[in-house]
file final-v3.cif (mmCIF, C-alpha atoms)
data_my_file
#
loop_
_atom_site.label_atom_id
_atom_site.label_comp_id
_atom_site.auth_asym_id
_atom_site.auth_seq_id
_atom_site.Cartn_x
_atom_site.Cartn_y
_atom_site.Cartn_z
CA MET H 9 -37.69 12.21 32.15
CA ILE H 10 -37.35 9.15 29.97
CA LYS H 11 -34.21 9.32 27.84
CA ARG H 12 -34.88 8.47 24.18
CA ILE H 13 -32.14 6.20 22.82
CA ALA H 14 -31.07 5.64 19.20
CA ILE H 15 -29.03 2.45 18.82
CA PHE H 16 -26.92 2.60 15.69
CA GLY H 17 -25.81 -1.02 15.26
CA SER H 18 -28.55 -2.71 17.28
CA THR H 19 -27.95 -6.26 16.02
CA GLY H 20 -24.29 -6.39 17.12
CA SER H 21 -22.94 -7.47 20.49
CA ILE H 22 -23.10 -3.96 22.05
CA GLY H 23 -26.50 -3.18 20.56
CA LYS H 24 -28.06 -6.37 21.92
CA GLN H 25 -26.67 -5.75 25.41
CA ALA H 26 -27.91 -2.14 25.30
CA LEU H 27 -31.42 -3.40 24.56
CA ASP H 28 -31.08 -5.69 27.57
CA VAL H 29 -30.24 -2.64 29.75
CA ILE H 30 -33.18 -0.65 28.33
CA GLU H 31 -35.59 -3.55 28.87
CA LYS H 32 -34.63 -3.69 32.56
CA ASN H 33 -35.08 0.09 32.97
CA PRO H 34 -38.30 1.04 31.15
CA ASP H 35 -38.81 3.99 33.53
CA GLN H 36 -35.48 5.52 32.38
CA PHE H 37 -35.10 4.73 28.67
CA SER H 38 -37.12 4.26 25.51
CA VAL H 39 -35.96 2.86 22.16
CA GLU H 40 -36.52 5.38 19.35
CA VAL H 41 -34.18 4.25 16.56
CA LEU H 42 -32.73 0.84 15.67
CA THR H 43 -30.31 0.28 12.78
CA ALA H 44 -28.60 -2.77 11.29
CA PHE H 45 -26.47 -3.27 8.22
CA SER H 46 -27.63 -6.65 6.92
CA ASN H 47 -29.17 -8.71 9.75
CA ASP H 48 -32.75 -8.00 8.72
CA GLN H 49 -34.26 -10.92 10.65
CA LEU H 50 -32.90 -9.80 14.02
CA LEU H 51 -33.73 -6.15 13.25
CA ILE H 52 -37.35 -7.13 12.57
CA GLU H 53 -37.48 -9.16 15.78
CA GLN H 54 -36.04 -6.23 17.79
CA ALA H 55 -38.44 -3.76 16.18
CA LEU H 56 -41.48 -5.90 17.01
CA THR H 57 -40.28 -6.28 20.61
CA TYR H 58 -39.25 -2.67 21.35
CA ASN H 59 -41.52 -0.74 18.97
CA PRO H 60 -39.11 2.07 17.99
CA ASN H 61 -40.12 5.15 16.03
CA ILE H 62 -37.72 4.36 13.16
CA VAL H 63 -35.65 1.44 11.86
CA VAL H 64 -32.91 1.59 9.22
CA ILE H 65 -31.56 -1.39 7.28
CA GLY H 66 -28.22 -0.52 5.64
CA ASP H 67 -28.51 -3.15 2.89
CA GLU H 68 -31.08 -1.74 0.45
CA ASN H 69 -31.85 -5.21 -0.96
CA LYS H 70 -33.44 -6.10 2.38
CA TYR H 71 -35.73 -3.07 2.55
CA GLY H 72 -38.76 -4.96 1.19
CA ALA H 73 -38.47 -7.75 3.74
CA VAL H 74 -38.23 -5.32 6.68
CA LYS H 75 -41.01 -3.07 5.34
CA ASP H 76 -43.39 -6.01 4.85
CA ALA H 77 -42.65 -7.50 8.26
CA LEU H 78 -43.39 -4.18 9.99
CA ALA H 79 -46.34 -3.16 7.77
CA LYS H 80 -48.88 -3.62 10.57
CA THR H 81 -46.96 -1.30 12.94
CA ASP H 82 -46.41 2.49 12.97
CA ILE H 83 -42.63 2.01 12.66
CA LYS H 84 -41.04 4.02 9.85
CA VAL H 85 -38.60 1.98 7.75
CA PHE H 86 -35.61 3.47 5.90
CA ALA H 87 -32.83 1.78 3.90
CA GLY H 88 -29.33 2.52 2.64
CA GLU H 89 -26.21 4.16 4.01
CA ASP H 90 -27.47 7.69 3.34
CA ALA H 91 -30.54 6.91 5.44
CA LEU H 92 -28.29 6.19 8.44
CA GLU H 93 -26.95 9.73 8.19
CA GLU H 94 -30.38 11.21 7.57
CA VAL H 95 -31.93 9.51 10.61
CA ALA H 96 -28.92 10.48 12.77
CA GLY H 97 -29.84 14.09 12.00
CA MET H 98 -33.49 13.74 13.01
CA ASP H 99 -34.79 15.20 16.24
CA VAL H 100 -36.42 12.00 17.51
CA TYR H 101 -33.88 10.95 20.13
CA ASP H 102 -31.73 12.33 22.98
CA LEU H 103 -28.70 10.01 22.99
CA MET H 104 -27.05 8.02 20.22
CA LEU H 105 -25.39 4.76 21.13
CA ALA H 106 -22.80 4.64 18.33
CA ALA H 107 -22.20 0.90 18.04
CA ILE H 108 -21.75 0.36 14.30
CA VAL H 109 -18.48 -1.52 13.80
CA GLY H 110 -15.69 0.11 11.80
CA PHE H 111 -15.54 3.16 9.55
CA ALA H 112 -19.23 2.70 8.62
CA GLY H 113 -20.16 4.27 11.97
CA PHE H 114 -18.25 7.47 11.28
CA LYS H 115 -20.71 9.56 9.21
CA PRO H 116 -23.84 8.96 11.33
CA THR H 117 -21.88 9.84 14.49
CA ILE H 118 -20.66 13.12 12.98
CA LYS H 119 -24.20 13.94 11.86
CA ALA H 120 -25.49 13.36 15.41
CA ILE H 121 -22.80 15.64 16.87
CA GLU H 122 -23.66 18.37 14.32
CA ASN H 123 -27.24 18.14 15.55
CA GLY H 124 -26.25 18.52 19.20
CA LYS H 125 -27.02 14.94 20.25
CA ALA H 126 -25.20 13.31 23.17
CA ILE H 127 -23.07 10.35 22.08
CA ALA H 128 -22.42 7.10 23.94
CA LEU H 129 -19.43 6.03 21.86
CA ALA H 130 -18.82 2.32 21.32
CA ASN H 131 -17.32 2.79 17.86
CA LYS H 132 -13.54 3.18 18.29
CA GLU H 133 -12.87 3.96 14.67
CA THR H 134 -14.65 7.35 14.73
CA LEU H 135 -11.91 8.80 16.95
CA VAL H 136 -9.10 6.71 15.46
CA VAL H 137 -9.89 8.03 11.99
CA ALA H 138 -10.50 11.71 12.74
CA GLY H 139 -10.28 12.29 16.48
CA ASP H 140 -9.09 15.90 16.15
CA ILE H 141 -12.06 16.96 14.00
CA VAL H 142 -14.66 14.92 15.93
CA MET H 143 -13.62 16.21 19.37
CA GLN H 144 -13.50 19.80 18.10
CA MET H 145 -17.02 19.40 16.67
CA ALA H 146 -18.20 18.04 20.01
CA VAL H 147 -16.78 21.10 21.80
CA ASP H 148 -18.31 23.50 19.23
CA ASN H 149 -21.73 21.85 19.53
CA ARG H 150 -21.47 21.35 23.31
CA VAL H 151 -22.05 17.63 22.88
CA PRO H 152 -20.92 15.17 25.56
CA ILE H 153 -19.09 12.11 24.22
CA ILE H 154 -19.31 9.38 26.82
CA PRO H 155 -17.13 6.33 26.14
CA VAL H 156 -18.65 2.84 26.15
CA ASP H 157 -15.44 0.85 25.60
CA SER H 158 -14.76 -0.80 28.96
CA GLU H 159 -11.24 0.70 29.17
CA HIS H 160 -12.28 4.25 28.32
CA SER H 161 -15.36 4.01 30.52
CA ALA H 162 -12.99 3.01 33.35
CA ILE H 163 -10.77 6.06 32.75
CA PHE H 164 -13.84 8.30 32.44
CA GLN H 165 -15.18 6.99 35.77
CA CYS H 166 -11.78 7.50 37.45
CA LEU H 167 -11.76 11.13 36.29
CA ILE H 168 -15.14 12.09 37.78
CA GLY H 169 -14.46 14.81 40.36
CA GLU H 170 -10.87 15.25 39.17
CA THR H 171 -11.41 17.98 36.56
CA ARG H 172 -8.78 20.31 38.00
CA ASN H 173 -6.19 17.63 38.61
CA LYS H 174 -3.52 16.86 36.06
CA ILE H 175 -3.26 13.34 34.67
CA GLU H 176 0.28 12.03 34.68
CA LYS H 177 -0.48 8.75 32.92
CA VAL H 178 -3.28 6.35 32.00
CA TYR H 179 -2.86 2.58 31.98
CA LEU H 180 -4.99 0.73 29.46
CA THR H 181 -5.30 -2.88 30.53
CA ALA H 182 -5.45 -5.73 28.01
CA SER H 183 -6.35 -9.36 28.65
CA GLY H 184 -3.70 -10.39 26.11
CA GLY H 185 -6.33 -12.24 24.09
CA PRO H 186 -6.32 -15.95 23.31
CA PHE H 187 -2.64 -16.06 22.31
CA ILE H 188 -0.98 -14.46 25.31
CA GLY H 189 2.61 -15.69 25.67
CA ARG H 190 2.67 -17.31 22.22
CA LYS H 191 5.47 -16.73 19.74
CA PRO H 192 5.37 -16.19 15.94
CA ASN H 193 6.15 -19.86 15.11
CA TYR H 194 2.85 -20.78 16.81
CA LEU H 195 0.85 -17.86 15.40
CA VAL H 196 1.76 -18.67 11.78
CA ASN H 197 -0.71 -21.57 11.82
CA VAL H 198 -3.51 -19.96 13.81
CA LYS H 199 -6.94 -20.39 12.26
CA ARG H 200 -9.98 -18.15 12.33
CA GLU H 201 -11.81 -20.24 14.96
CA HIS H 202 -8.84 -20.09 17.40
CA ALA H 203 -8.59 -16.31 17.05
CA LEU H 204 -12.31 -15.83 17.68
CA GLN H 205 -12.16 -17.54 21.08
CA HIS H 206 -11.60 -14.75 23.56
CA PRO H 207 -10.88 -15.91 27.12
CA ASN H 208 -12.89 -13.26 29.01
CA TRP H 209 -15.19 -11.20 26.82
CA GLU H 210 -18.00 -12.03 24.42
CA MET H 211 -17.58 -9.82 21.38
CA GLY H 212 -18.26 -9.58 17.66
CA ALA H 213 -15.90 -11.13 15.09
CA LYS H 214 -13.98 -7.94 14.13
CA ILE H 215 -13.18 -6.88 17.70
CA SER H 216 -12.31 -10.49 18.68
CA ILE H 217 -9.66 -10.64 15.94
CA ASP H 218 -8.38 -7.17 16.90
CA SER H 219 -8.06 -8.41 20.49
CA ALA H 220 -6.11 -11.48 19.36
CA THR H 221 -3.63 -9.33 17.38
CA LEU H 222 -3.58 -6.59 20.10
CA MET H 223 -4.61 -4.07 17.41
CA ASN H 224 -7.64 -3.41 19.60
CA LYS H 225 -5.36 -1.98 22.28
CA GLY H 226 -3.59 0.15 19.69
CA LEU H 227 -6.90 1.60 18.52
CA GLU H 228 -7.79 2.25 22.17
CA MET H 229 -4.53 4.16 22.74
CA ILE H 230 -5.39 6.49 19.86
CA GLU H 231 -8.97 6.83 21.11
CA ALA H 232 -7.72 7.64 24.64
CA LYS H 233 -5.49 10.42 23.28
CA TRP H 234 -8.51 12.24 21.83
CA LEU H 235 -11.07 11.46 24.54
CA PHE H 236 -8.87 12.61 27.40
CA ASN H 237 -6.61 15.09 25.60
CA LEU H 238 -3.40 13.13 26.29
CA LYS H 239 0.06 13.02 24.75
CA PRO H 240 1.27 9.66 23.38
CA ASN H 241 3.81 9.28 26.22
CA GLN H 242 0.99 9.51 28.80
CA ILE H 243 -0.65 6.30 27.55
CA ASP H 244 0.66 2.89 28.63
CA VAL H 245 -0.61 -0.62 27.89
CA LEU H 246 -0.45 -3.35 30.52
CA ILE H 247 -1.32 -7.00 29.94
CA HIS H 248 -3.68 -7.98 32.76
CA PRO H 249 -5.06 -11.47 32.00
CA GLN H 250 -7.72 -11.41 34.74
CA SER H 251 -9.65 -8.54 33.05
CA ALA H 252 -10.71 -7.28 36.48
CA ILE H 253 -9.10 -3.83 36.43
CA HIS H 254 -10.53 -2.21 33.32
CA SER H 255 -8.02 0.67 33.31
CA MET H 256 -6.24 3.06 35.68
CA VAL H 257 -5.38 6.74 35.95
CA GLN H 258 -2.25 8.04 37.65
CA PHE H 259 -2.35 11.67 38.80
CA GLU H 260 0.58 14.07 39.18
CA ASP H 261 0.87 13.29 42.90
CA GLY H 262 1.54 9.63 42.03
CA SER H 263 -1.86 8.42 43.26
CA ILE H 264 -3.55 5.82 41.06
CA LYS H 265 -7.29 5.22 40.66
CA ALA H 266 -8.55 1.99 39.10
CA GLN H 267 -12.02 0.89 38.05
CA ILE H 268 -12.69 -2.76 38.86
CA GLY H 269 -15.54 -5.05 37.90
CA LEU H 270 -16.49 -8.27 36.20
CA PRO H 271 -15.94 -8.35 32.42
CA ASP H 272 -19.52 -7.46 31.48
CA MET H 273 -20.15 -4.84 28.78
CA ARG H 274 -23.61 -4.08 30.15
CA LEU H 275 -21.95 -2.08 32.93
CA PRO H 276 -20.16 0.52 30.75
CA ILE H 277 -23.19 0.63 28.40
CA GLN H 278 -25.52 1.30 31.32
CA TYR H 279 -23.13 3.87 32.80
CA ALA H 280 -22.92 5.80 29.51
CA MET H 281 -26.68 5.75 28.93
CA GLY H 282 -27.54 6.75 32.50
CA PHE H 283 -24.74 9.30 32.99
CA PRO H 284 -24.40 11.20 35.31
CA SER H 285 -26.46 8.79 37.45
CA ARG H 286 -25.53 5.21 38.26
CA ILE H 287 -28.39 2.74 37.88
CA LEU H 288 -29.19 -0.12 40.20
CA ASN H 289 -28.87 -3.56 38.57
CA ASP H 290 -28.88 -7.20 39.57
CA HIS H 291 -25.74 -8.21 37.64
CA PRO H 292 -23.29 -10.58 39.40
CA ARG H 293 -20.87 -8.74 41.69
CA PHE H 294 -17.08 -8.86 41.74
CA ASP H 295 -15.77 -11.04 44.58
CA PHE H 296 -12.25 -10.25 45.84
CA LYS H 297 -12.14 -13.51 47.81
CA ARG H 298 -12.55 -15.56 44.64
CA MET H 299 -10.33 -13.48 42.39
CA ASN H 300 -7.48 -12.54 44.66
CA THR H 301 -4.54 -12.41 42.26
CA PHE H 302 -3.98 -9.57 39.82
CA THR H 303 -0.97 -9.81 37.50
CA PHE H 304 0.51 -7.29 35.05
CA GLU H 305 3.14 -7.52 32.35
CA GLU H 306 4.49 -5.58 29.39
CA PRO H 307 2.97 -6.40 25.98
CA ASP H 308 5.22 -8.40 23.62
CA LEU H 309 5.63 -5.90 20.77
CA LYS H 310 7.99 -8.14 18.80
CA THR H 311 5.36 -10.85 18.44
CA PHE H 312 2.25 -8.65 18.36
CA ARG H 313 3.54 -6.09 15.91
CA ASN H 314 0.10 -4.58 15.27
CA LEU H 315 0.36 -2.84 18.61
CA ALA H 316 3.77 -1.44 17.66
CA LEU H 317 2.30 -0.16 14.35
CA ALA H 318 -0.54 1.51 16.23
CA MET H 319 1.96 3.17 18.58
CA GLU H 320 3.82 4.46 15.52
CA ALA H 321 0.53 5.83 14.09
CA LEU H 322 -0.28 7.47 17.44
CA GLU H 323 3.18 9.08 17.60
CA THR H 324 3.18 10.25 13.97
CA GLY H 325 -0.41 11.46 13.96
CA GLY H 326 -2.04 13.17 10.97
CA ASN H 327 -3.83 10.70 8.70
CA LEU H 328 -1.64 7.73 9.66
CA PRO H 329 -4.10 6.29 12.23
CA CYS H 330 -6.84 6.57 9.58
CA ILE H 331 -4.66 4.69 7.03
CA MET H 332 -3.75 2.02 9.57
CA ASN H 333 -7.39 1.55 10.58
CA ALA H 334 -8.57 1.13 6.97
CA ALA H 335 -5.82 -1.40 6.19
CA ASN H 336 -6.63 -3.29 9.38
CA GLU H 337 -10.34 -3.53 8.52
CA ILE H 338 -9.51 -5.04 5.12
CA ALA H 339 -6.88 -7.39 6.60
CA VAL H 340 -9.26 -8.65 9.32
CA TYR H 341 -11.98 -9.19 6.70
CA ALA H 342 -9.53 -11.21 4.58
CA PHE H 343 -8.41 -13.27 7.58
CA LEU H 344 -12.02 -14.03 8.55
CA LYS H 345 -12.57 -15.23 4.95
CA ASN H 346 -9.45 -17.46 5.26
CA ARG H 347 -7.69 -15.50 2.51
CA ILE H 348 -4.59 -14.59 4.55
CA GLY H 349 -2.82 -15.96 7.61
CA PHE H 350 -2.83 -14.46 11.11
CA LEU H 351 0.63 -12.87 10.90
CA GLU H 352 0.04 -11.69 7.31
CA MET H 353 -2.50 -9.17 8.62
CA THR H 354 0.39 -7.19 10.13
CA ASP H 355 2.38 -7.31 6.86
CA VAL H 356 -0.57 -5.87 4.93
CA ILE H 357 -1.07 -3.03 7.42
CA GLU H 358 2.65 -2.20 7.48
CA LYS H 359 2.87 -2.04 3.67
CA VAL H 360 -0.18 0.22 3.40
CA MET H 361 1.07 2.55 6.15
CA ALA H 362 4.36 2.91 4.26
CA GLN H 363 2.73 3.63 0.89
CA VAL H 364 -0.21 6.00 1.40
CA ILE H 365 0.95 9.63 1.51
CA HIS H 366 1.15 11.10 5.02
CA ILE H 367 -0.75 14.34 5.67
CA GLN H 368 0.01 16.05 8.97
CA GLN H 369 -3.08 18.29 9.19
CA PRO H 370 -5.82 16.49 7.25
CA THR H 371 -9.24 17.93 6.46
CA LEU H 372 -12.35 15.75 6.69
CA SER H 373 -12.18 15.06 2.95
CA ASP H 374 -8.48 14.13 3.30
CA TYR H 375 -9.54 11.52 5.86
CA PHE H 376 -12.17 10.07 3.53
CA GLU H 377 -9.68 9.94 0.65
CA SER H 378 -6.93 8.37 2.80
CA ASP H 379 -9.40 5.75 4.04
CA ALA H 380 -10.50 4.84 0.49
CA GLU H 381 -6.92 4.76 -0.83
CA ALA H 382 -5.71 2.56 2.04
CA ARG H 383 -8.58 0.09 1.53
CA THR H 384 -7.92 -0.19 -2.20
CA LEU H 385 -4.21 -0.71 -1.63
CA ALA H 386 -4.79 -3.33 1.09
CA ALA H 387 -7.23 -5.21 -1.15
CA ASP H 388 -4.67 -5.10 -4.01
CA ILE H 389 -1.92 -6.48 -1.77
CA ILE H 390 -4.21 -9.31 -0.65
CA ARG H 391 -5.74 -9.61 -4.13
CA LEU H 392 -9.24 -9.74 -2.73
#
call {"tool": "encode", "arguments": {"input": "final-v3.cif", "output": "structure tokens"}}
result
Amino acid sequence: MIKRIAIFGSTGSIGKQALDVIEKNPDQFSVEVLTAFSNDQLLIEQALTYNPNIVVIGDENKYGAVKDALAKTDIKVFAGEDALEEVAGMDVYDLMLAAIVGFAGFKPTIKAIENGKAIALANKETLVVAGDIVMQMAVDNRVPIIPVDSEHSAIFQCLIGETRNKIEKVYLTASGGPFIGRKPNYLVNVKREHALQHPNWEMGAKISIDSATLMNKGLEMIEAKWLFNLKPNQIDVLIHPQSAIHSMVQFEDGSIKAQIGLPDMRLPIQYAMGFPSRILNDHPRFDFKRMNTFTFEEPDLKTFRNLALAMEALETGGNLPCIMNAANEIAVYAFLKNRIGFLEMTDVIEKVMAQVIHIQQPTLSDYFESDAEARTLAADIIRL
């Protein structure tokens, strides 16, 4: 059986690598849906190469260009944010790769779960914003949510065959980003181009900045809580600059399992799409003789305060992770536009977290309102 894949966010880093995996395994996967927000040129190129059933361009102004370019094909073209949700609810695919960056990926993912579609989840924010509701919906609709993030994929792989065994702790590893070991007096002057240079991974702009501030690891802690049903004190972060161990699980007998590999996102993408089977590939292999030193250290929470804020949001729960996430998205956007400095991102997030009203048991509409309120407040603080 060929698995029909819908790639929501096909022009981003994850989407492009997923297409690479599909291209190498035509006997296992077919491309049914491709979506992009504004990169119409790449979307057109991908559509002509992979001939999906449907494409969606989020930016309605670019509908004409995409429609014209694909006029000679049988591909159906939709536009606008509502269309993303509509297509997510269609019965034309088996597995959604949820790879839209940020809160924008939330509604289509929920729609797919409601319609009983398996999810390969690369969008952290869906669980950060409303993990309780999303995971409950997945249980109610008997939908598997398979993580694509390298860290969560590692934990997921370590847990195969361990269903009856209690987890004592998970260790999320972090490379430390480009500024590992730096202090605030250095970070004050950091520019956009420095922050975008990640030492080990090739990623999009938003996630590269989140990695540099360690917010990425904070979002992953919150995501891990929901994915693996953990308490905050069961989740630890370790700085591991070699990015060889992608994460570890410690069981109640003290035994630790780790998943090791080269930093290559195609592996977790391929694992999620092919689950429960592993798929043969010709990627480079990890060589213990060449990389024979693994080091670990505690994260510096005084310097990288975003991680401390995320830990606070994880501990407090309710709508606080949603508020933090919204403020972070606006702050990162402002930093990428050179409107605020590197350390000012943390100040913005902290102010917003202190000001938006905390709700301990939010409904879905509470989450949407908290998100909107936090964005508006962050933009006001920055004066965007």
call {"tool": "resolve_selection", "arguments": {"input": "final-v3.cif", "expression": "the PyMOL selection byres ((chain H and resi 85) around 7)", "output": "ChimeraX atom specification"}}
result
/H:62-64,75,83-84,86-87
call {"tool": "resolve_selection", "arguments": {"input": "final-v3.cif", "expression": "the PyMOL selection byres ((chain H and resi 294-301) around 8)", "output": "NGL selection string"}}
result
:H and (269-270 or 292-293 or 302-303)
call {"tool": "residues_near_point", "arguments": {"input": "final-v3.cif", "point": "(-10.1, 1.1, 32.5)", "cutoff": "8 Å", "atoms": "all atoms listed in the file", "output": "PyMOL selection string"}}
result
chain H and resi 158-163+179-181+253-256+266-268
call {"tool": "resolve_selection", "arguments": {"input": "final-v3.cif", "expression": "the PyMOL selection byres ((chain H and resi 190-194) around 12)", "output": "PyMOL selection string"}}
result
chain H and resi 184-189+195-199+202+220-221+307-313+349-352+354
call {"tool": "residues_around", "arguments": {"input": "final-v3.cif", "residues": "segment 121-135 of chain H", "least_positions_apart": "5", "cutoff": "9 Å", "atoms": "only C-alpha atoms", "output": "PyMOL selection string"}}
result
chain H and resi 22+96-99+101-116+140-143+145-146+148-157+224+227-228+230-232+234-235+277+280-281+330+333
call {"tool": "residues_around", "arguments": {"input": "final-v3.cif", "residues": "Tyr58 of chain H", "least_positions_apart": "2", "cutoff": "10 Å", "atoms": "all atoms listed in the file", "output": "tab-separated table (two decimals) with C-alpha atoms, in the frame of the given file"}}
result
chain	number	residue	atom	x	y	z
H	27	LEU	CA	-31.42	-3.40	24.56
H	30	ILE	CA	-33.18	-0.65	28.33
H	31	GLU	CA	-35.59	-3.55	28.87
H	38	SER	CA	-37.12	4.26	25.51
H	39	VAL	CA	-35.96	2.86	22.16
H	40	GLU	CA	-36.52	5.38	19.35
H	41	VAL	CA	-34.18	4.25	16.56
H	42	LEU	CA	-32.73	0.84	15.67
H	53	GLU	CA	-37.48	-9.16	15.78
H	54	GLN	CA	-36.04	-6.23	17.79
H	55	ALA	CA	-38.44	-3.76	16.18
H	56	LEU	CA	-41.48	-5.90	17.01
H	60	PRO	CA	-39.11	2.07	17.99
H	61	ASN	CA	-40.12	5.15	16.03
call {"tool": "closest_residue", "arguments": {"input": "final-v3.cif", "among": "H:Ile65, H:Leu275, H:Met361, H:Leu50", "to": "Thr324 of chain H", "atoms": "only C-alpha atoms"}}
result
H:Met361
call {"tool": "atom_distance", "arguments": {"input": "final-v3.cif", "atom1": "atom CA of Phe16 of chain H", "atom2": "atom CA of Glu377 of chain H"}}
result
24.0 Å
call {"tool": "closest_residue", "arguments": {"input": "final-v3.cif", "among": "H:Thr81, H:Thr19, H:Ser46, H:Thr384", "to": "Val356 of chain H", "atoms": "only C-alpha atoms"}}
result
H:Thr384
call {"tool": "closest_atom_pairs", "arguments": {"input": "final-v3.cif", "of": "segment 219-290 of chain H", "to": "segment 314-319 of chain H", "cutoff": "6 Å", "atoms": "all atoms listed in the file", "output": "tab-separated table"}}
result
residue	atom	partner	partner_atom	distance
H:Leu222	CA	H:Leu315	CA	5.6
H:Met223	CA	H:Asn314	CA	5.2
H:Gly226	CA	H:Ala318	CA	4.8
call {"tool": "atom_distance", "arguments": {"input": "final-v3.cif", "atom1": "atom CA of Gly326 of chain H", "atom2": "atom CA of Ile367 of chain H"}}
result
5.6 Å
call {"tool": "atom_distance", "arguments": {"input": "final-v3.cif", "atom1": "atom CA of Asp261 of chain H", "atom2": "atom CA of Phe304 of chain H"}}
result
22.0 Å
call {"tool": "residues_around", "arguments": {"input": "final-v3.cif", "residues": "His291 of chain H", "least_positions_apart": "3", "cutoff": "12 Å", "atoms": "only C-alpha atoms", "output": "PyMOL selection string"}}
result
chain H and resi 28-29+32+269-275+278+287-288+294
call {"tool": "axis_aligned_box", "arguments": {"input": "final-v3.cif", "around": "segment 280-293 of chain H", "padding_each_side": "3 Å", "output": "JSON"}}
result
{"center_x": -25.0, "center_y": 0.3, "center_z": 35.3, "size_x": 14.3, "size_y": 27.8, "size_z": 18.8}
